[in-house]
Structure formats: structure tokens, C-alpha cells
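K.L.:
Got a file for you: target_12.txt, compact mmCIF, C-alpha atoms.
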```
# COMPACT_ATOMS: atom_id res chain seq x y z
CA MET A 1 85.21 101.62 62.30
CA PRO A 2 88.89 100.60 62.40
CA LYS A 3 89.62 102.15 58.99
CA TYR A 4 88.48 105.61 60.18
CA GLN A 5 90.56 105.31 63.39
CA ASP A 6 93.67 104.14 61.48
CA GLU A 7 93.32 107.01 59.00
CA LEU A 8 92.87 109.51 61.83
CA ASP A 9 95.87 108.07 63.65
CA ALA A 10 98.12 108.36 60.60
CA VAL A 11 96.95 111.93 59.85
CA LEU A 12 97.46 113.15 63.44
CA ARG A 13 100.89 111.51 63.73
CA ALA A 14 101.91 113.09 60.43
CA LEU A 15 100.68 116.55 61.46
CA ALA A 16 102.24 116.40 64.94
CA ASP A 17 105.60 117.29 63.34
CA PRO A 18 106.15 121.02 62.63
CA THR A 19 108.13 120.42 59.41
CA ARG A 20 105.45 118.17 57.97
CA ARG A 21 102.81 120.70 59.01
CA ALA A 22 104.74 123.46 57.24
CA VAL A 23 104.85 121.31 54.08
CA VAL A 24 101.05 120.83 54.25
CA GLU A 25 100.59 124.61 54.75
CA ARG A 26 102.75 125.29 51.68
CA LEU A 27 100.90 122.71 49.55
CA ALA A 28 97.49 124.09 50.58
CA LYS A 29 98.41 127.13 48.45
CA SER A 30 99.47 125.12 45.36
CA PRO A 31 101.39 122.00 44.31
CA ALA A 32 105.19 122.35 44.48
CA VAL A 33 108.29 120.56 43.26
CA VAL A 34 110.49 118.91 45.90
CA SER A 35 113.29 121.49 45.67
CA GLU A 36 110.77 124.30 46.33
CA LEU A 37 109.47 122.43 49.38
CA ALA A 38 113.01 121.92 50.69
CA ALA A 39 114.02 125.58 50.30
CA PRO A 40 112.54 127.02 53.54
CA PHE A 41 114.06 124.27 55.69
CA SER A 42 117.74 123.91 56.54
CA MET A 43 117.37 120.20 56.07
CA ALA A 44 119.13 117.56 53.97
CA LEU A 45 117.00 116.38 51.03
CA PRO A 46 116.81 112.75 52.32
CA SER A 47 115.24 114.03 55.58
CA LEU A 48 112.66 116.01 53.63
CA MET A 49 111.93 112.97 51.44
CA GLN A 50 111.36 110.96 54.63
CA HIS A 51 108.83 113.54 55.83
CA LEU A 52 107.12 113.45 52.42
CA ARG A 53 106.85 109.66 52.67
CA VAL A 54 105.12 109.96 56.06
CA LEU A 55 102.69 112.52 54.59
CA GLU A 56 102.08 110.27 51.56
CA ASN A 57 101.49 107.18 53.73
CA ALA A 58 98.98 109.18 55.80
CA GLY A 59 97.11 110.01 52.57
CA LEU A 60 97.82 113.72 52.97
CA VAL A 61 99.88 114.27 49.82
CA THR A 62 100.38 112.67 46.44
CA SER A 63 103.30 113.12 44.06
CA GLN A 64 103.98 112.73 40.37
CA LYS A 65 107.31 112.45 38.59
CA GLN A 66 107.82 114.04 35.17
CA GLY A 67 111.34 113.42 33.91
CA ARG A 68 113.56 114.32 36.86
CA VAL A 69 111.07 116.61 38.55
CA ARG A 70 108.73 115.35 41.27
CA THR A 71 105.68 117.53 41.95
CA VAL A 72 103.91 117.12 45.29
CA SER A 73 100.24 118.04 45.85
CA LEU A 74 97.93 118.11 48.83
CA ARG A 75 95.41 115.33 48.25
CA PRO A 76 91.90 116.83 47.88
CA GLY A 77 89.90 115.95 50.98
CA ALA A 78 93.09 114.92 52.78
CA LEU A 79 92.01 116.56 56.01
CA ASP A 80 88.36 115.41 55.91
CA VAL A 81 88.95 112.72 58.50
CA LEU A 82 90.19 115.34 60.94
CA HIS A 83 87.28 117.71 60.18
CA LEU A 84 84.89 114.83 60.83
CA TRP A 85 86.53 113.85 64.13
CA LEU A 86 86.57 117.47 65.32
CA GLY A 87 82.90 117.85 64.43
CA GLU A 88 82.08 114.81 66.56
CA GLN A 89 83.76 116.32 69.63
CA ARG A 90 81.74 119.55 69.65
CA THR A 91 79.09 119.91 72.32
CA PRO A 92 76.42 122.65 72.07
CA ALA A 93 78.15 124.56 74.91
CA GLU A 94 81.46 124.28 73.13
CA ARG A 95 80.12 125.60 69.84
CA GLN A 96 79.41 128.85 71.63
CA ALA A 97 82.80 128.98 73.38
CA ASP A 98 84.52 128.07 70.09
CA ARG A 99 83.30 131.23 68.44
CA LEU A 100 84.84 133.38 71.16
CA GLY A 101 88.01 131.26 71.27
CA ILE A 102 88.64 131.53 67.55
CA HIS A 103 88.06 135.27 67.66
CA VAL A 104 90.58 135.70 70.49
CA ILE A 105 93.27 133.74 68.60
CA ARG A 106 92.67 135.68 65.38
CA THR A 107 92.88 139.03 67.15
CA ASP A 108 96.09 137.94 68.86
CA ARG A 109 97.64 136.92 65.53
CA LYS A 110 96.85 140.25 63.85
CA GLU A 111 98.72 142.10 66.58
CA HIS A 112 102.04 140.31 65.93
CA MET B 1 103.05 133.57 66.01
CA PRO B 2 105.10 131.14 68.14
CA LYS B 3 102.35 130.76 70.78
CA TYR B 4 99.85 129.52 68.18
CA GLN B 5 102.38 127.07 66.72
CA ASP B 6 103.37 125.75 70.18
CA GLU B 7 99.73 125.29 71.15
CA LEU B 8 99.00 123.49 67.87
CA ASP B 9 102.06 121.29 68.34
CA ALA B 10 101.03 120.27 71.86
CA VAL B 11 97.42 119.58 70.79
CA LEU B 12 98.43 117.46 67.78
CA ARG B 13 101.00 115.47 69.76
CA ALA B 14 98.42 114.83 72.47
CA LEU B 15 95.76 113.71 69.97
CA ALA B 16 98.15 111.49 67.98
CA ASP B 17 97.75 108.83 70.69
CA PRO B 18 94.57 106.65 70.41
CA THR B 19 94.09 106.36 74.21
CA ARG B 20 94.29 110.11 74.70
CA ARG B 21 91.92 110.60 71.77
CA ALA B 22 89.45 108.16 73.35
CA VAL B 23 89.62 110.15 76.61
CA VAL B 24 88.84 113.38 74.70
CA GLU B 25 85.93 111.63 72.92
CA ARG B 26 84.54 110.49 76.29
CA LEU B 27 84.92 113.94 77.85
CA ALA B 28 83.22 115.65 74.90
CA LYS B 29 80.02 113.97 76.17
CA SER B 30 80.42 115.10 79.80
CA PRO B 31 83.03 115.50 82.58
CA ALA B 32 84.07 112.22 84.24
CA VAL B 33 85.92 111.04 87.32
CA VAL B 34 89.29 109.36 86.79
CA SER B 35 88.02 105.83 87.60
CA GLU B 36 85.29 106.19 84.92
CA LEU B 37 87.89 107.29 82.40
CA ALA B 38 90.13 104.33 83.26
CA ALA B 39 87.33 101.74 82.99
CA PRO B 40 87.31 101.19 79.18
CA PHE B 41 91.10 100.74 79.03
CA SER B 42 93.02 97.74 80.30
CA MET B 43 95.64 100.11 81.62
CA ALA B 44 97.27 100.71 85.01
CA LEU B 45 96.03 103.91 86.66
CA PRO B 46 99.50 105.56 86.63
CA SER B 47 99.61 105.15 82.83
CA LEU B 48 96.20 106.78 82.50
CA MET B 49 97.28 109.60 84.83
CA GLN B 50 100.31 110.12 82.56
CA HIS B 51 98.02 110.46 79.53
CA LEU B 52 95.83 112.91 81.46
CA ARG B 53 98.89 115.02 82.27
CA VAL B 54 99.78 115.22 78.56
CA LEU B 55 96.20 116.29 77.78
CA GLU B 56 96.28 118.85 80.60
CA ASN B 57 99.64 120.28 79.47
CA ALA B 58 98.26 120.61 75.95
CA GLY B 59 95.36 122.65 77.36
CA LEU B 60 92.82 120.04 76.26
CA VAL B 61 91.49 119.06 79.69
CA THR B 62 91.22 120.52 83.16
CA SER B 63 90.62 118.67 86.42
CA GLN B 64 89.29 119.45 89.88
CA LYS B 65 89.72 117.46 93.07
CA GLN B 66 86.90 117.27 95.62
CA GLY B 67 87.92 115.14 98.60
CA ARG B 68 89.42 112.02 97.05
CA VAL B 69 87.62 112.31 93.73
CA ARG B 70 89.23 114.00 90.74
CA THR B 71 86.84 115.10 87.99
CA VAL B 72 88.25 115.73 84.52
CA SER B 73 86.58 118.02 81.95
CA LEU B 74 87.27 118.92 78.35
CA ARG B 75 88.38 122.56 78.37
CA PRO B 76 85.84 124.69 76.46
CA GLY B 77 87.44 125.81 73.22
CA ALA B 78 90.21 123.24 73.68
CA LEU B 79 90.17 122.27 70.00
CA ASP B 80 89.83 125.82 68.61
CA VAL B 81 93.47 125.97 67.62
CA LEU B 82 93.02 122.87 65.46
CA HIS B 83 89.79 124.21 63.92
CA LEU B 84 91.62 127.41 63.06
CA TRP B 85 94.60 125.62 61.50
CA LEU B 86 92.32 123.35 59.46
CA GLY B 87 90.36 126.36 58.23
CA GLU B 88 93.58 127.95 57.01
CA GLN B 89 94.48 124.90 54.91
CA ARG B 90 91.26 124.86 52.89
CA THR B 91 91.47 126.00 49.29
CA PRO B 92 88.32 126.83 47.30
CA ALA B 93 88.75 123.60 45.29
CA GLU B 94 89.13 121.61 48.49
CA ARG B 95 85.99 123.03 50.06
CA GLN B 96 84.04 121.39 47.24
CA ALA B 97 85.90 118.07 47.50
CA ASP B 98 85.54 118.14 51.30
CA ARG B 99 81.79 118.00 51.04
CA LEU B 100 81.95 114.83 48.94
CA GLY B 101 84.75 113.33 51.07
CA ILE B 102 82.89 113.81 54.33
CA HIS B 103 79.75 112.31 52.82
CA VAL B 104 81.66 109.22 51.63
CA ILE B 105 83.17 108.61 55.09
CA ARG B 106 79.79 109.02 56.83
CA THR B 107 78.06 106.59 54.46
CA ASP B 108 80.85 104.08 54.97
CA ARG B 109 80.50 104.32 58.77
CA LYS B 110 76.73 103.74 58.70
CA GLU B 111 77.22 100.48 56.80
CA HIS B 112 79.40 98.90 59.52
```
Could you write out this file's structure as C-alpha cells?

P.N.:
Amino acid sequence: MPKYQDELDAVLRALADPTRRAVVERLAKSPAVVSELAAPFSMALPSLMQHLRVLENAGLVTSQKQGRVRTVSLRPGALDVLHLWLGEQRTPAERQADRLGIHVIRTDRKEH
Amino acid sequence: MPKYQDELDAVLRALADPTRRAVVERLAKSPAVVSELAAPFSMALPSLMQHLRVLENAGLVTSQKQGRVRTVSLRPGALDVLHLWLGEQRTPAERQADRLGIHVIRTDRKEH
């Protein structure tokens, strides 16, 4: 299944960058115009546009231009390929450990 | 939560490489000795060891040496941080689309 592996590769490479991950996190809440996406980052607009291109090429986001305003959205099902891959890696023993692991992380996050 | 973000960063960078991902896929089935892990790749052993170090630093694998034989295992709960992050990105609308998306990918894979 080369298509699945290529898609997974592109998605993981895109998400391995913290700025691109932050953009995905923002877009998971709602679509946003480019200037809104740029606001939290002290980053020149061309650099942000470059990150958006990587996300778009990985199939994670889509964008639409209306007049001068470009609105970026998370593509529905964008992360399916990663969900699927993760599901394939789970062993029965790990399913049990996962539950504890996730709980520990969540508790830790609430304390900060 | 800098610890969570650092962990996520290391895991995604480690998994963005197809060889390292193949090693994780193999180890999800069972632990393996280094020579077994090297077998499917036409790769010098030092290169494989380098990949294993990246996986170990990301907390994805652990290894134990008995005599001359090093056995590598997937760390239980290794992928929890990624499960957690993915869960946080899901919107109600996406949950619905996910179900269809995952089904489409699975059908596609069966046909090949």
C-alpha cells in the first residue's frame, strides 16, 4: 500500500514541526484567516505561508480565497491515516497500559 | 505543559522516518534482537543502531543486553502521547467524518 505509506509520511513530517502542529491545533477549533493564524507566532508571513503549504501538501488543511482574504480549514478526516496507523500498532497488552499512560499524562497536565 | 510538547515533538520526529516506523511496526508484534530488526533493511548495522537510538531517546523503545545479544522492545504506552494529541484535535463534525474516512482507507487497502 504505497499510497497509505506516502500519506502517513507526509502527515508525520508535517506534524513533526511545532509551529505546524500549533496551526493544526488552532484549526481543530474552527477555520481561520491567515492573519489570525499568524498572530500567535513571531514569524514573517512568508514563513507561515510556507508552513501552510506543507500542511496543504500533506492533505491536512485546505484553503479558500474570497477577495483578499484566505480562510484555512482543517480537512475533515485529515488525521485518519494517523489514527489508522496507531490502531495497527496496539497490542492487547498495550491497550491496558495505554489506559494508565493516558490517565497519568492527563493528571500531570491538570496540575500545571 | 512543556514536557508533553517535548515528548510529542520527539515521538513525531522519530516516526516521520519510514525505517524507524517500520521498526516500530515490527516491535508492536513482539520484541526482537537487533539482527532480526536489521534483516528487512538493506542498511549497515551502524545506521540501524542510529535509528534505534533516536527511537530510544523518543521513549518509543527500550533495549536490554544479555551477553552479546541486544533485545529491543516497544515501550508499553510509547504512543500514548500521540493518541492523546490526536484525541484533542477531534471536533464533533470530524468524529463523524473520521468513521467514513477510516472505512474508505481500509476498503482501499483490502483491494490491493

K.L.:
What gap, in Å, lies between CA of Gln5 in chain B and CA of Leu15 in chain A?

P.N.:
11.9 Å

K.L.:
Mind listing whatever residues come within 7 Å of the point (97.9, 111.4, 55.0)? Use all atoms listed in the file, file coordinates, and give them as a ChimeraX atom specification.

P.N.:
/A:10-11,14,55-61,78

K.L.:
Let me make sure I understand: among A:Gly87, A:Gln50, A:Pro31, A:Ser42, which one has the smallest atom-to-atom distance to Thr62 in chain A if we use all atoms listed in the file?

P.N.:
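Smallest separation from Thr62 in chain A among the options: A:Pro31.
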
K.L.:
As a PyMOL selection string, please: the residues near Arg70 in chain B (cut-off 10 Å, all atoms listed in the file, same-chain neighbours under 3 positions excluded).

P.N.:
chain B and resi 32-35+63-67

K.L.:
What's around Leu37 in chain B at 9 Å? Count all atoms listed in the file, leave out sequence neighbours fewer than 6 positions away in its own chain, and write the answer as a PyMOL selection string.

P.N.:
chain B and resi 23+26-27+48+72

K.L.:
Enter the distance from CA of Leu8 in chain B to CA of Asp6 in chain A, in Å, rounded to one decimal.

P.N.:
21.1 Å

K.L.:
Counting only C-alpha atoms, which of A:Arg53, A:Arg75, A:Arg68, A:Arg13 gets nearest to chain B?

P.N.:
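So, comparing all the options, the nearest one is A:Arg13.
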
K.L.:
Quick one: distance from CA of Arg21 in chain A to CA of Asp80 in chain A in Å, one decimal?

P.N.:
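One can read the CA of Arg21 in chain A to CA of Asp80 in chain A distance as 15.7 Å.
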
K.L.:
For chain B, which residue among A:Ala44, A:Val54, A:Glu36, A:Ala16 is the nearest when counting only C-alpha atoms?

P.N.:
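For chain B, the nearest of the candidates is A:Ala16.
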
K.L.:
Between B:Leu100, B:Met43, B:Val69, B:Ala38, which has the minimum distance to chain A (counting all atoms listed in the file)?

P.N.:
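Looking only at the distances to chain A, the closest residue turns out to be B:Leu100.
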
K.L.:
Taking only C-alpha atoms into account, which of B:Leu52, B:Ala28, B:Ala22, B:Ala39 comes nearest chain A?

P.N.:
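Of B:Leu52, B:Ala28, B:Ala22, B:Ala39, the one nearest chain A, counting only C-alpha atoms, is B:Ala28.
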
K.L.:
Point out the residue among A:Leu12, A:Pro40, A:Val24, A:Pro18 with the least atom-to-atom distance to Arg90 in chain B, counting all atoms listed in the file.

P.N.:
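Of A:Leu12, A:Pro40, A:Val24, A:Pro18, the one nearest Arg90 in chain B, counting all atoms listed in the file, is A:Val24.
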
K.L.:
Around all listed atoms of range 21-40 of chain B, padded 3 Å per side, what centre and edge lengths does the axis-aligned box have in Å to one decimal, as AutoDock Vina command-line options?

P.N.:
```
--center_x 86.0 --center_y 108.4 --center_z 79.7 --size_x 17.9 --size_y 20.5 --size_z 21.8
```
